[in-house]
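S.K.: Okay, here's the structure, questions in a sec.
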Amino acid sequence: MEMRPLTANLSVCAQINPEDVEQISAAGIKTIICNRPDNEGEDQPASDSIREACEAKGIQWHYLPVSPKDYTDEQALAFGELLEQADEPVLAFCRTGTRCTNLWALSQAGHSDFSEISASAKNAGYDVDKLNDRADNLAKSVAATAASDEQANSDAQEVTDAVVIGNHQIVIIGGGTGGQATAASLLKRNPKLDIAIIEPSTEHYYQPGWTMVGGGIFEAPDTVRKMVDVMPDSVKWYQIEVAAFKPDDQQVVLANGELIHYQYLVVAPGLTLNWGAIEGLEETLGSNGVTSNYRFDLAPYTWELVQKTEKGKAIFTQPPMPIKCAGAPQKAMYLACSKWLSESRLNSIDVEFCNAGPALFGVADYVPVLMEYVEKYKIQLSFSQNLIKVDGPNKIATFKMTDADGNQQEVEKEFDMLHVCPVQCAPKFISDSPLADAAGWVDLDSQTLQHKKYHRIFGVGDANNTANAKTAAAVRKQAPVVAENILAAMAASSLEATYDGYGSCPLTVEHGKIVLAEFGYGGKLLPSLPLWLIEGKRPSKLSWILKAQILPWLYWNGMLKGKEWLALPGRKSDS
């Protein structure tokens with residue numbers, strides 16, 4: 001074993017063994033940093049065996065594993081922090097000492113001239129010249145962060161009424177599906193984590209069930225539970241709204257002006273349903289034949305209208321994307337038509353689907369089977385028609401229609417039943433924040449779900465700018481990815497868990513049958529069950545049983561409890 005000095009107080013070397021610790025101790029080393037992940041080589045001793053030998057000799061031990069080709073700036077800075085805190089002299093080792101030297105070189109960015117860093121590395125037998133540009137960029141980033149912190153500290157001194165009322169390892173914004181599932185996945189991996197959830201609501205809803213309520217299959221009370229009953233016992237619950245973010249300070253600003261500090265933040269607030277974007281809609285919802293399955297209290301009214309509509313005009317609408325569960329507007333329509341057909345009423349009802357978009361469904365593979373039902377139910381498809389106004393008392397809906405040349409005109413349509421899908425957007429405290437992209441969504445890496453700028457922030461669910469379908473099934477896949485990557489970040493390891501864009505839309509095309517659409521980024525089909533079992537792109541009775549009986553149970557007893565059946569994260573090594 002050869003220890004090569006980089007500075008007076010730091011040396012590096014190749015892989016060591018437990019029996020080498022005696023010699024290392026005799027050389028006066030006070031701290032050892034291991035930068036080599038366990039199981040990297042067949043002849044490699046387990047790090048725990050070296051740690052035990054170090055503890056026996058009174059040597060501090062730090063395990064900071066990094067990939068030889070995929071180490072991050074954050075890991076380099078973490079290495080530098082260890083050096084600042086460690087008892088000296090320090091020995092760092094990996095397979096050859098190279099990655100330890102590289103981490104040290106980057107960690108000194110902004111503290112020493114790179115030519116001096118390079119010379120020290122070469123004296124030890126290592127070449128770090130290829131890191132020159134990276135070190136320069138890191139130095140600038142560190143300087144900018146320091147300036148920002150200084151300004152933030154100055155601002156904080158001026159704000160005397162802002163009180164920090166909580167300080168947690170992990171803070172989760174939102175107690176809905178995304179927030180609860182992520183908390184459960186984190187606690188499954190480490191029950192001792194200090195987690196807080198910020199959520200003002202007292203109820204937690206199983207929103208995928210509202211389509212079934214509107215179709216007479218579920219009762220509305222089956223889709224709601226008290227928030228306190230789904231909140232993990234060990235989680236601190238702040239029952240208040242979020243007003244803003246201070247990501248440079250790692251703080252969340254609450255509606256009352258108080259602050260909560262976090263080490264890592266998960267943003268999972270869901271979407272805002274902008275009912276007011278359609279003129280006259282809010283005043284008439286729940287009356288005059290106007291309804292929506294997108295609201296807990298209105299889904300029963302949908303079923304009431306389906307039961308009592310004997311003839312006339314039924315219009316189902318879909319606004320511009322993005323919306324959560326893009327199939328929901330037409331699922332309501334198919335279930336209504338199935339009921340009317342079974343009772344020989346459909347011939348007396350004129351059904352129209354007015355879609356602001358250009359296509360029936362965003363994944364082309366499922367369009368043929370849906371068109372079979374459109375023809376079966378004699379549904380009129382009206383694309384590029386966006387609902388902009390509702391006159392409930394007179395039962396008139398106004399649409400803005402756009403032709404192929406981009407010309408627009410307003411068209412009024414009479415109705416007897418109108419099922420509306422509302423305009424949807426990110427919550428204002430998200431879109432107005434530093435976390436948002438230009439369109440107002442949380443700006444994330446599409447695979448790791450880590451924020452592109454603020455690496456201590458992750459996102460789950462509908463407020464993300466990732467190009468997946470906004471469904472509960474997407475959250476089911478995202479939560480374990482975020483859980484694993486946060487724990488990796490806490491350990492200063494690379495983020496290996498990846499999300500492939502999976503989403504699922506059980507298209508209820510008739511009572512008793514569903515087309516189970518499962519797909520990922522780019523519309524790639526991602527079936528989770530064997531195609532022979534669920535009949536692939538065809539309507540299936542088994543898929544109906546899955547939707548009506550199995551998925552609700554799995555939601556309450558699995559997903560919200562950290563059970564990750566068929567939801568394990570992908571790996572960067574798999575791509």
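Each chain in the structure tokens gets a letter, A, B, ..., in the order shown, and its residues are numbered from 1; ligands are numbered from 1 in order too.
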Looking only at the backbone, which of the residues in region 151-309 of chain A does DSSP tag as strand (DSSP E), as a PyMOL selection string?
M.R.: chain A and resi 164-173+195-198+203-205+224-226+236-238+242-246+251-254+259-267+272-274+290-291
S.K.: Could you write those residues out with C-alpha atoms, as a CSV table (one decimal), in the first residue's frame?
M.R.:
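Output contents, as saved in out.csv:
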```
chain,number,residue,atom,x,y,z
A,164,VAL,CA,-38.9,29.5,11.2
A,165,ILE,CA,-41.3,27.1,12.9
A,166,GLY,CA,-39.9,23.8,11.6
A,167,ASN,CA,-36.7,22.3,10.4
A,168,HIS,CA,-36.9,18.9,8.7
A,169,GLN,CA,-34.8,16.5,6.7
A,170,ILE,CA,-37.5,16.2,4.1
A,171,VAL,CA,-40.5,18.5,3.5
A,172,ILE,CA,-43.3,17.4,1.1
A,173,ILE,CA,-45.6,19.9,-0.4
A,195,ILE,CA,-40.5,14.1,7.2
A,196,ALA,CA,-43.1,16.9,7.2
A,197,ILE,CA,-46.1,17.3,4.9
A,198,ILE,CA,-47.7,20.6,4.2
A,203,GLU,CA,-59.9,15.1,3.3
A,204,HIS,CA,-57.9,12.8,1.0
A,205,TYR,CA,-59.6,11.7,-2.2
A,224,VAL,CA,-62.7,9.8,0.4
A,225,ARG,CA,-61.0,9.4,3.7
A,226,LYS,CA,-59.9,11.7,6.5
A,236,LYS,CA,-45.3,16.1,11.0
A,237,TRP,CA,-48.4,17.6,9.4
A,238,TYR,CA,-48.6,21.3,8.8
A,242,VAL,CA,-47.9,27.2,0.9
A,243,ALA,CA,-47.4,30.8,-0.3
A,244,ALA,CA,-43.9,30.8,-1.8
A,245,PHE,CA,-40.5,29.2,-1.9
A,246,LYS,CA,-37.0,30.4,-0.9
A,251,GLN,CA,-37.2,27.3,3.0
A,252,VAL,CA,-40.9,27.2,2.3
A,253,VAL,CA,-43.0,30.2,3.1
A,254,LEU,CA,-46.4,29.4,4.6
A,259,LEU,CA,-41.1,29.6,7.4
A,260,ILE,CA,-40.2,25.9,7.3
A,261,HIS,CA,-36.6,24.8,6.6
A,262,TYR,CA,-35.8,21.7,4.7
A,263,GLN,CA,-32.7,19.6,3.7
A,264,TYR,CA,-34.7,18.2,0.8
A,265,LEU,CA,-38.0,19.2,-0.7
A,266,VAL,CA,-40.6,17.2,-2.6
A,267,VAL,CA,-43.1,19.3,-4.6
A,272,THR,CA,-55.4,23.7,-10.1
A,273,LEU,CA,-58.8,23.3,-11.7
A,274,ASN,CA,-59.6,26.7,-13.2
A,290,VAL,CA,-74.2,21.0,-16.2
A,291,THR,CA,-71.8,18.6,-14.4
```
S.K.: Can you list, as a PyMOL selection string, every protein, DNA or RNA residue that comes within 6 Å of region 496-506 of chain A when you count only C-alpha atoms, leaving out same-chain residues fewer than 6 positions away?
M.R.: chain A and resi 447-448+468-469+473-474+481+515-521+569-572
S.K.: Could you write those residues out with N, CA and C atoms, as an mmCIF file, in the first residue's frame?
M.R.:
```cif
data_model
loop_
_atom_site.group_PDB
_atom_site.id
_atom_site.type_symbol
_atom_site.label_atom_id
_atom_site.label_comp_id
_atom_site.auth_asym_id
_atom_site.auth_seq_id
_atom_site.Cartn_x
_atom_site.Cartn_y
_atom_site.Cartn_z
ATOM 1 N N GLN A 447 -35.988 12.057 -16.037
ATOM 2 C CA GLN A 447 -35.682 10.708 -15.555
ATOM 3 C C GLN A 447 -35.523 10.644 -14.039
ATOM 4 N N THR A 448 -34.698 11.519 -13.478
ATOM 5 C CA THR A 448 -34.433 11.450 -12.033
ATOM 6 C C THR A 448 -35.481 12.193 -11.215
ATOM 7 N N ASN A 468 -45.126 13.185 -19.285
ATOM 8 C CA ASN A 468 -45.913 11.969 -19.069
ATOM 9 C C ASN A 468 -47.380 12.329 -18.880
ATOM 10 N N ALA A 469 -48.255 11.321 -18.998
ATOM 11 C CA ALA A 469 -49.664 11.530 -18.696
ATOM 12 C C ALA A 469 -49.819 11.799 -17.203
ATOM 13 N N ALA A 473 -51.429 6.552 -11.802
ATOM 14 C CA ALA A 473 -50.481 5.491 -12.139
ATOM 15 C C ALA A 473 -49.081 6.053 -12.360
ATOM 16 N N ALA A 474 -48.992 7.264 -12.907
ATOM 17 C CA ALA A 474 -47.693 7.909 -13.067
ATOM 18 C C ALA A 474 -47.067 8.186 -11.707
ATOM 19 N N VAL A 481 -39.026 6.399 -7.342
ATOM 20 C CA VAL A 481 -37.858 7.017 -7.970
ATOM 21 C C VAL A 481 -37.359 8.180 -7.122
ATOM 22 N N VAL A 515 -60.437 -0.699 -21.841
ATOM 23 C CA VAL A 515 -59.192 -0.759 -22.600
ATOM 24 C C VAL A 515 -58.110 -0.170 -21.697
ATOM 25 N N LEU A 516 -57.185 -1.003 -21.249
ATOM 26 C CA LEU A 516 -56.163 -0.558 -20.302
ATOM 27 C C LEU A 516 -54.986 0.028 -21.078
ATOM 28 N N ALA A 517 -54.977 1.350 -21.218
ATOM 29 C CA ALA A 517 -53.900 2.043 -21.929
ATOM 30 C C ALA A 517 -52.739 2.275 -20.971
ATOM 31 N N GLU A 518 -51.580 1.737 -21.310
ATOM 32 C CA GLU A 518 -50.369 1.912 -20.507
ATOM 33 C C GLU A 518 -49.242 2.336 -21.439
ATOM 34 N N PHE A 519 -48.604 3.450 -21.130
ATOM 35 C CA PHE A 519 -47.620 4.000 -22.055
ATOM 36 C C PHE A 519 -46.666 4.911 -21.308
ATOM 37 N N GLY A 520 -45.541 5.215 -21.951
ATOM 38 C CA GLY A 520 -44.530 6.074 -21.341
ATOM 39 C C GLY A 520 -44.179 7.223 -22.241
ATOM 40 N N TYR A 521 -42.985 7.766 -22.028
ATOM 41 C CA TYR A 521 -42.546 8.902 -22.836
ATOM 42 C C TYR A 521 -42.608 8.569 -24.321
ATOM 43 N N PRO A 569 -38.325 1.271 -9.433
ATOM 44 C CA PRO A 569 -37.692 2.231 -10.346
ATOM 45 C C PRO A 569 -36.791 1.549 -11.363
ATOM 46 N N GLY A 570 -36.637 2.214 -12.511
ATOM 47 C CA GLY A 570 -35.623 1.790 -13.464
ATOM 48 C C GLY A 570 -34.254 2.259 -12.982
ATOM 49 N N ARG A 571 -33.223 1.866 -13.717
ATOM 50 C CA ARG A 571 -31.850 2.226 -13.363
ATOM 51 C C ARG A 571 -31.166 2.840 -14.572
ATOM 52 N N LYS A 572 -30.279 3.785 -14.310
ATOM 53 C CA LYS A 572 -29.527 4.379 -15.412
ATOM 54 C C LYS A 572 -28.755 3.320 -16.183
#
```
S.K.: When you draw a straight line from CA of Thr202 (chain A) to CA of Gln180 (chain A), how long is it in Å?
M.R.: 13.6 Å
S.K.: Using only C-alpha atoms, can you tell me which of A:Thr211, A:Thr98, A:Ser49, A:Asn39 comes closest to Ala14 (chain A)?
M.R.: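 Closest to Ala14 (chain A), using only C-alpha atoms: A:Thr98.
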S.K.: Could you jot down the CA of Ala438 (chain A) to CA of Ile457 (chain A) separation for me, Å, one decimal place?
M.R.: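 So the answer is 17.8 Å.
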